[in-house]
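coords19.cif follows; it contains mmCIF, C-alpha atoms.
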data_model
#
loop_
_atom_site.label_atom_id
_atom_site.label_comp_id
_atom_site.auth_asym_id
_atom_site.auth_seq_id
_atom_site.Cartn_x
_atom_site.Cartn_y
_atom_site.Cartn_z
CA MET A 15 -148.59 -221.95 -63.99
CA ASP A 16 -152.23 -221.30 -63.26
CA GLU A 17 -154.97 -223.53 -64.59
CA TYR A 18 -156.79 -222.21 -67.61
CA GLN A 19 -160.10 -220.72 -66.45
CA GLU A 20 -163.27 -220.14 -68.43
CA GLU A 21 -163.75 -216.60 -67.15
CA GLU A 22 -162.77 -213.78 -69.42
CA THR A 23 -160.70 -212.02 -66.81
CA ALA A 24 -158.30 -214.85 -65.91
CA PHE A 25 -154.94 -215.07 -67.66
CA ALA A 26 -155.43 -217.15 -70.82
CA VAL A 27 -152.25 -219.20 -71.14
CA GLU A 28 -153.08 -220.89 -74.44
CA GLU A 29 -154.07 -217.71 -76.19
CA VAL A 30 -150.93 -215.94 -75.00
CA SER A 31 -148.75 -218.88 -76.01
CA LYS A 32 -150.14 -218.70 -79.53
CA ILE A 33 -149.44 -214.96 -79.71
CA ILE A 34 -145.85 -215.50 -78.59
CA LYS A 35 -145.20 -218.25 -81.13
CA GLU A 36 -146.55 -216.15 -83.97
CA SER A 37 -144.51 -213.12 -82.92
CA VAL A 38 -141.29 -215.10 -82.71
CA GLU A 39 -141.87 -216.82 -86.04
CA SER A 40 -142.59 -213.61 -87.85
CA ALA A 41 -139.66 -211.74 -86.27
CA ILE A 42 -136.86 -214.32 -86.56
CA GLY A 43 -138.23 -217.48 -88.18
CA GLY A 44 -135.83 -218.62 -90.90
CA ASN A 45 -132.94 -216.36 -89.82
CA ALA A 46 -129.52 -217.47 -88.62
CA TYR A 47 -127.95 -215.90 -85.52
CA GLN A 48 -126.33 -212.59 -86.44
CA HIS A 49 -124.71 -210.43 -83.82
CA SER A 50 -125.51 -207.24 -85.71
CA ARG A 51 -129.21 -207.97 -85.90
CA VAL A 52 -130.02 -209.68 -82.65
CA HIS A 53 -130.68 -206.44 -80.80
CA GLN A 54 -133.33 -205.51 -83.33
CA TRP A 55 -134.85 -209.01 -83.17
CA THR A 56 -135.31 -209.06 -79.42
CA THR A 57 -136.90 -205.63 -79.58
CA THR A 58 -139.22 -206.66 -82.39
CA VAL A 59 -140.31 -209.84 -80.61
CA VAL A 60 -141.21 -208.09 -77.36
CA GLU A 61 -142.91 -205.18 -79.07
CA GLN A 62 -144.99 -207.40 -81.33
CA CYS A 63 -146.05 -209.64 -78.44
CA LEU A 64 -146.96 -206.66 -76.34
CA SER A 65 -149.04 -204.98 -79.01
CA GLN A 66 -150.94 -208.20 -79.76
CA LEU A 67 -151.54 -208.71 -76.05
CA SER A 68 -152.85 -205.21 -75.50
CA LYS A 69 -155.18 -205.68 -78.48
CA LEU A 70 -156.88 -208.47 -76.54
CA GLY A 71 -158.43 -205.66 -74.53
CA LYS A 72 -158.33 -207.52 -71.21
CA PRO A 73 -157.84 -205.68 -67.90
CA PHE A 74 -154.21 -206.79 -67.50
CA LYS A 75 -150.78 -205.27 -67.13
CA TYR A 76 -148.17 -207.23 -69.11
CA ILE A 77 -144.45 -207.83 -68.89
CA VAL A 78 -142.76 -209.53 -71.84
CA THR A 79 -139.14 -210.69 -71.80
CA CYS A 80 -137.16 -212.24 -74.61
CA VAL A 81 -133.77 -213.97 -74.51
CA ILE A 82 -131.90 -214.95 -77.67
CA MET A 83 -128.80 -217.08 -77.39
CA GLN A 84 -126.42 -218.28 -80.04
CA LYS A 85 -126.01 -222.06 -80.20
CA ASN A 86 -122.41 -222.81 -79.45
CA GLY A 87 -122.51 -225.26 -76.60
CA ALA A 88 -122.85 -222.86 -73.69
CA GLY A 89 -125.20 -223.80 -70.89
CA LEU A 90 -128.06 -221.44 -70.12
CA GLN A 91 -130.46 -221.76 -67.21
CA THR A 92 -133.30 -219.36 -66.41
CA SER A 93 -135.76 -219.29 -63.52
CA SER A 94 -138.41 -216.91 -62.35
CA ALA A 95 -140.43 -216.45 -59.19
CA CYS A 96 -143.52 -214.32 -58.81
CA PHE A 97 -145.40 -212.78 -55.95
CA TRP A 98 -148.95 -212.06 -57.13
CA ASP A 99 -152.58 -213.04 -56.94
CA ASN A 100 -152.80 -216.71 -57.89
CA THR A 101 -156.42 -216.59 -58.90
CA THR A 102 -156.13 -213.89 -61.53
CA ASP A 103 -152.49 -213.53 -62.56
CA GLY A 104 -150.42 -215.86 -64.68
CA SER A 105 -147.45 -216.37 -66.90
CA CYS A 106 -146.50 -218.24 -70.01
CA ALA A 107 -143.07 -219.12 -71.39
CA VAL A 108 -142.27 -220.32 -74.88
CA ARG A 109 -138.98 -221.88 -75.94
CA TRP A 110 -138.20 -221.71 -79.64
CA GLU A 111 -135.11 -222.75 -81.53
CA ASN A 112 -133.66 -223.12 -84.95
CA LYS A 113 -130.28 -224.37 -86.13
CA SER A 114 -128.27 -221.42 -84.91
CA MET A 115 -130.07 -219.94 -81.91
CA TYR A 116 -132.47 -220.36 -79.01
CA CYS A 117 -135.21 -217.88 -78.21
CA ILE A 118 -137.05 -217.89 -74.89
CA VAL A 119 -140.01 -215.55 -74.42
CA SER A 120 -141.89 -215.12 -71.14
CA VAL A 121 -145.09 -213.19 -70.65
CA TYR A 122 -146.40 -212.24 -67.21
CA GLY A 123 -149.96 -210.95 -66.94
CA LEU A 124 -151.24 -209.20 -63.84
CA ALA A 125 -154.89 -208.39 -63.40
CA ILE A 126 -155.69 -204.79 -62.74
CA MET B 7 -132.42 -203.94 -72.40
CA ASN B 8 -134.80 -201.47 -73.94
CA GLY B 9 -138.42 -200.56 -74.17
CA MET B 10 -138.58 -199.59 -70.51
CA GLU B 11 -140.28 -196.45 -69.38
CA GLU B 12 -138.29 -194.18 -67.06
CA PHE B 13 -139.11 -194.60 -63.40
CA GLN B 14 -139.32 -191.72 -60.97
CA ASN B 15 -136.93 -191.42 -58.05
CA GLY B 16 -137.66 -190.21 -54.57
CA SER B 17 -141.42 -190.51 -54.75
CA GLU B 18 -142.82 -192.89 -52.15
CA GLY B 19 -145.46 -194.26 -54.44
CA SER B 20 -143.07 -195.45 -57.14
CA PHE B 21 -140.66 -198.31 -57.37
CA ASN B 22 -137.19 -197.62 -56.00
CA SER B 23 -134.89 -199.14 -58.57
CA GLU B 24 -131.57 -198.36 -56.83
CA GLU B 25 -132.61 -200.05 -53.64
CA ALA B 26 -133.73 -203.08 -55.62
CA GLU B 27 -130.45 -203.15 -57.52
CA SER B 28 -128.32 -203.37 -54.40
CA LEU B 29 -130.66 -205.96 -52.93
CA VAL B 30 -130.31 -208.10 -56.05
CA LYS B 31 -126.50 -207.81 -56.07
CA GLU B 32 -126.37 -209.05 -52.49
CA CYS B 33 -128.58 -212.01 -53.31
CA ILE B 34 -126.48 -213.02 -56.32
CA ASP B 35 -123.22 -212.70 -54.38
CA ALA B 36 -124.64 -214.77 -51.56
CA VAL B 37 -125.73 -217.60 -53.87
CA VAL B 38 -123.05 -217.83 -56.59
CA GLY B 39 -120.27 -215.42 -55.62
CA GLY B 40 -117.01 -217.38 -55.79
CA ASP B 41 -118.42 -220.44 -57.60
CA ASP B 42 -117.48 -221.63 -61.09
CA TYR B 43 -120.15 -222.57 -63.61
CA SER B 44 -121.34 -226.08 -62.90
CA GLN B 45 -124.07 -227.78 -64.87
CA THR B 46 -125.12 -229.83 -61.88
CA HIS B 47 -125.57 -226.80 -59.66
CA VAL B 48 -126.91 -224.16 -62.01
CA ASN B 49 -130.51 -225.29 -61.61
CA LYS B 50 -130.27 -224.83 -57.86
CA TRP B 51 -128.53 -221.47 -58.22
CA THR B 52 -131.11 -219.82 -60.42
CA ALA B 53 -133.90 -221.08 -58.16
CA SER B 54 -132.09 -219.81 -55.06
CA VAL B 55 -131.41 -216.41 -56.55
CA VAL B 56 -135.02 -215.81 -57.54
CA GLU B 57 -136.46 -217.13 -54.29
CA ARG B 58 -134.03 -215.20 -52.13
CA THR B 59 -134.57 -211.98 -54.07
CA LEU B 60 -138.34 -212.40 -54.04
CA SER B 61 -138.58 -213.06 -50.32
CA THR B 62 -136.31 -210.10 -49.51
CA LEU B 63 -138.49 -207.84 -51.66
CA VAL B 64 -141.73 -209.10 -50.14
CA LYS B 65 -140.37 -208.55 -46.63
CA GLN B 66 -140.16 -204.84 -47.40
CA GLY B 67 -143.92 -204.89 -47.04
CA LYS B 68 -144.64 -202.52 -49.93
CA PRO B 69 -147.94 -202.79 -51.85
CA TYR B 70 -146.40 -204.43 -54.92
CA LYS B 71 -146.64 -207.64 -56.90
CA TYR B 72 -143.18 -208.83 -58.00
CA MET B 73 -141.71 -210.91 -60.79
CA VAL B 74 -138.06 -211.90 -60.57
CA THR B 75 -136.23 -213.66 -63.38
CA CYS B 76 -132.68 -214.97 -63.40
CA ALA B 77 -130.60 -216.27 -66.29
CA VAL B 78 -127.20 -217.88 -65.77
CA MET B 79 -125.02 -218.52 -68.78
CA GLN B 80 -121.69 -220.25 -69.07
CA LYS B 81 -118.91 -218.14 -70.60
CA THR B 82 -117.97 -219.83 -73.85
CA GLY B 83 -118.13 -216.95 -76.26
CA ALA B 84 -121.76 -217.40 -77.27
CA GLY B 85 -123.80 -214.27 -77.81
CA LEU B 86 -126.71 -213.64 -75.47
CA HIS B 87 -129.20 -210.86 -75.87
CA THR B 88 -132.23 -210.04 -73.75
CA ALA B 89 -134.99 -207.47 -74.06
CA ASN B 90 -138.15 -206.72 -72.21
CA SER B 91 -141.14 -204.52 -72.71
CA CYS B 92 -143.90 -203.67 -70.28
CA TYR B 93 -147.48 -202.49 -70.50
CA TRP B 94 -148.28 -200.95 -67.14
CA ASP B 95 -148.72 -197.79 -65.12
CA THR B 96 -145.51 -195.86 -65.65
CA THR B 97 -145.98 -193.65 -62.61
CA MET B 98 -146.18 -196.50 -60.09
CA ASP B 99 -144.59 -199.58 -61.64
CA GLY B 100 -140.95 -200.18 -62.38
CA SER B 101 -138.18 -202.63 -62.99
CA CYS B 102 -134.51 -203.11 -62.48
CA THR B 103 -131.98 -205.39 -64.16
CA VAL B 104 -128.63 -206.41 -62.76
CA ARG B 105 -125.84 -207.97 -64.86
CA TRP B 106 -123.25 -209.84 -62.86
CA GLU B 107 -120.31 -211.93 -63.96
CA ASN B 108 -117.33 -213.84 -62.75
CA ARG B 109 -114.65 -215.82 -64.56
CA THR B 110 -116.87 -218.61 -65.78
CA MET B 111 -120.43 -217.33 -65.99
CA TYR B 112 -122.81 -214.44 -66.50
CA CYS B 113 -125.88 -213.89 -64.36
CA VAL B 114 -128.67 -211.52 -65.39
CA VAL B 115 -131.46 -210.85 -62.90
CA SER B 116 -134.51 -208.71 -63.63
CA VAL B 117 -137.05 -207.54 -61.09
CA PHE B 118 -140.44 -206.20 -62.18
CA ALA B 119 -142.67 -204.51 -59.61
CA VAL B 120 -146.32 -203.75 -60.29
CA ALA B 121 -148.28 -201.63 -57.83
CA ILE B 122 -151.36 -203.13 -56.27
CA PRO B 123 -154.21 -200.63 -56.73
#

Using the file provided, produce a representation of the structure as structure tokens.
Amino acid sequence: MDEYQEEETAFAVEEVSKIIKESVESAIGGNAYQHSRVHQWTTTVVEQCLSQLSKLGKPFKYIVTCVIMQKNGAGLQTSSACFWDNTTDGSCAVRWENKSMYCIVSVYGLAI
Amino acid sequence: MNGMEEFQNGSEGSFNSEEAESLVKECIDAVVGGDDYSQTHVNKWTASVVERTLSTLVKQGKPYKYMVTCAVMQKTGAGLHTANSCYWDTTMDGSCTVRWENRTMYCVVSVFAVAIP
């Protein structure tokens, strides 16, 4: 993760993290895992995050990924590696859970 | 997976998704092919898959920034769903996702490539 920088054009991790948390809460907060709805939820989470991010109006390209997994004892491990410009690009991952599911959202921002 | 723009094939300036797909499959097979899910090893596996994939992509020497993600999940009947959405230049940038499985685990690897202007 890159350090948070004061300049407007660096990737703002805290701001993005807040956007992700709000998007997840509003899309699935309070719901229990349901196979028939999870497709719609993942779509809603990524689309909401992306539209809030583009509203920030910064000169960035964004990639948002969302994983939702039912809680039944399975092990899940995720990793990511990135080849980019360390001074301007960054990423932010948020792990959210409730009683019946885990949700992991990652946002990658690349300066144009 | 949804929300992805179509990529264009055959044009030198755009991301070649088929080539990336076969590259990713080789990397996954090399790291976890033949292994059973093991909690002690899974950390190492996901890290190896992303690093191996990333370094193979970078060696191609194309003018791209890359993001590679890998998720490994034990097969116990749990539901797993992933989605991604991208805000980028649809003519130059692209992605590819590979789903792999064996008897005891699923592995989902996504590669995102963003052109350097």

What are the nearest atom pairs, with distances in Å to one decimal, for all residues of chain B that come at most 6 Å from chain A, using all atoms listed in the file, set out by chain and rising residue number as CSV?
residue,atom,partner,partner_atom,distance
B:Thr52,CA,A:Ser93,CA,5.6
B:Ala53,CA,A:Ser93,CA,5.9
B:Val56,CA,A:Ala95,CA,5.7
B:Lys71,CA,A:Trp98,CA,5.0
B:Tyr72,CA,A:Phe97,CA,5.0
B:Met73,CA,A:Cys96,CA,4.3
B:Val74,CA,A:Ala95,CA,5.3
B:Thr75,CA,A:Ser94,CA,4.0
B:Cys76,CA,A:Ser93,CA,5.3
B:Ala77,CA,A:Thr92,CA,4.1
B:Val78,CA,A:Gln91,CA,5.3
B:Met79,CA,A:Leu90,CA,4.4
B:Gln80,CA,A:Gly89,CA,5.3
B:Thr82,CA,A:Ala88,CA,5.7
B:Ala84,CA,A:Gln84,CA,5.5
B:Gly85,CA,A:Gln84,CA,5.3
B:Leu86,CA,A:Met83,CA,4.5
B:His87,CA,A:Ile82,CA,5.2
B:Thr88,CA,A:Val81,CA,4.3
B:Ala89,CA,A:Cys80,CA,5.3
B:Asn90,CA,A:Thr79,CA,4.1
B:Ser91,CA,A:Val78,CA,5.3
B:Cys92,CA,A:Ile77,CA,4.4
B:Tyr93,CA,A:Tyr76,CA,5.0
B:Trp94,CA,A:Lys75,CA,5.0

Box time for stretch 97-111 of chain B: axis-aligned, enclosing all its listed atoms, 8 Å extra on each side; report centre and edge lengths in Å to one decimal, as AutoDock Vina command-line options.
--center_x -130.4 --center_y -206.1 --center_z -63.0 --size_x 47.5 --size_y 41.0 --size_z 21.9

- the PyMOL selection byres ((chain B and resi 106) around 10) resolved against shown file, as a list in words: Val30, Lys31, Ile34, Asp35, Gly39, Val78, Thr103, Val104, Arg105, Glu107, Asn108, Met111, Tyr112, Cys113, Val114 and Val115 of chain B

- State, in Å with one decimal place, the distance from atom CA of A:Gly71 to atom CA of A:Thr23. 10.3 Å

- Quick one: residues within 9 Å of A:Asn45, all atoms listed in the file counted, chain neighbours fewer than 4 positions away excluded, as an MDAnalysis selection string? chainID A and resid 41 112 114

- Correct to one decimal, the distance atom CA of B:Ala119-atom CA of A:Glu28 is 24.4 Å

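Interatomic distance, atom CA of B:Ala26 to atom CA of B:Phe118: 9.9 Å.
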
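Here the PyMOL selection byres ((chain A and resi 106) around 8) captures the residues A:Met15, A:Val27, A:Val30, A:Ser31, A:Gly104, A:Ser105, A:Ala107, A:Val108, A:Ser120, A:Val121, A:Tyr122.
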
- Residues within 7 Å of B:Ser23, only C-alpha atoms, excluding chain neighbours under 3 positions, as a PyMOL selection string: chain B and resi 26-27+101-102

- Message: At a cut-off of 10 Å, using all atoms listed in the file, what residues contact B:Lys68? Leave out same-chain residues fewer than 4 positions from it and give the result as an MDAnalysis selection string.
- Response: chainID B and resid 19 21 63:64 121:122

Now that the selection is made, can you save its residues with C-alpha atoms as a short mmCIF file (atom, residue, chain, number, x, y, z; two decimals), in the coordinates of the input?
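Everything below was put into selection-v1.cif:
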data_model
loop_
_atom_site.label_atom_id
_atom_site.label_comp_id
_atom_site.auth_asym_id
_atom_site.auth_seq_id
_atom_site.Cartn_x
_atom_site.Cartn_y
_atom_site.Cartn_z
CA GLY B 19 -145.46 -194.26 -54.44
CA PHE B 21 -140.66 -198.31 -57.37
CA LEU B 63 -138.49 -207.84 -51.66
CA VAL B 64 -141.73 -209.10 -50.14
CA ALA B 121 -148.28 -201.63 -57.83
CA ILE B 122 -151.36 -203.13 -56.27
#

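Nearest residue to B:Asp99 among B:Tyr70, B:Lys81, B:Lys50, B:Cys33 is B:Tyr70, counting only C-alpha atoms.
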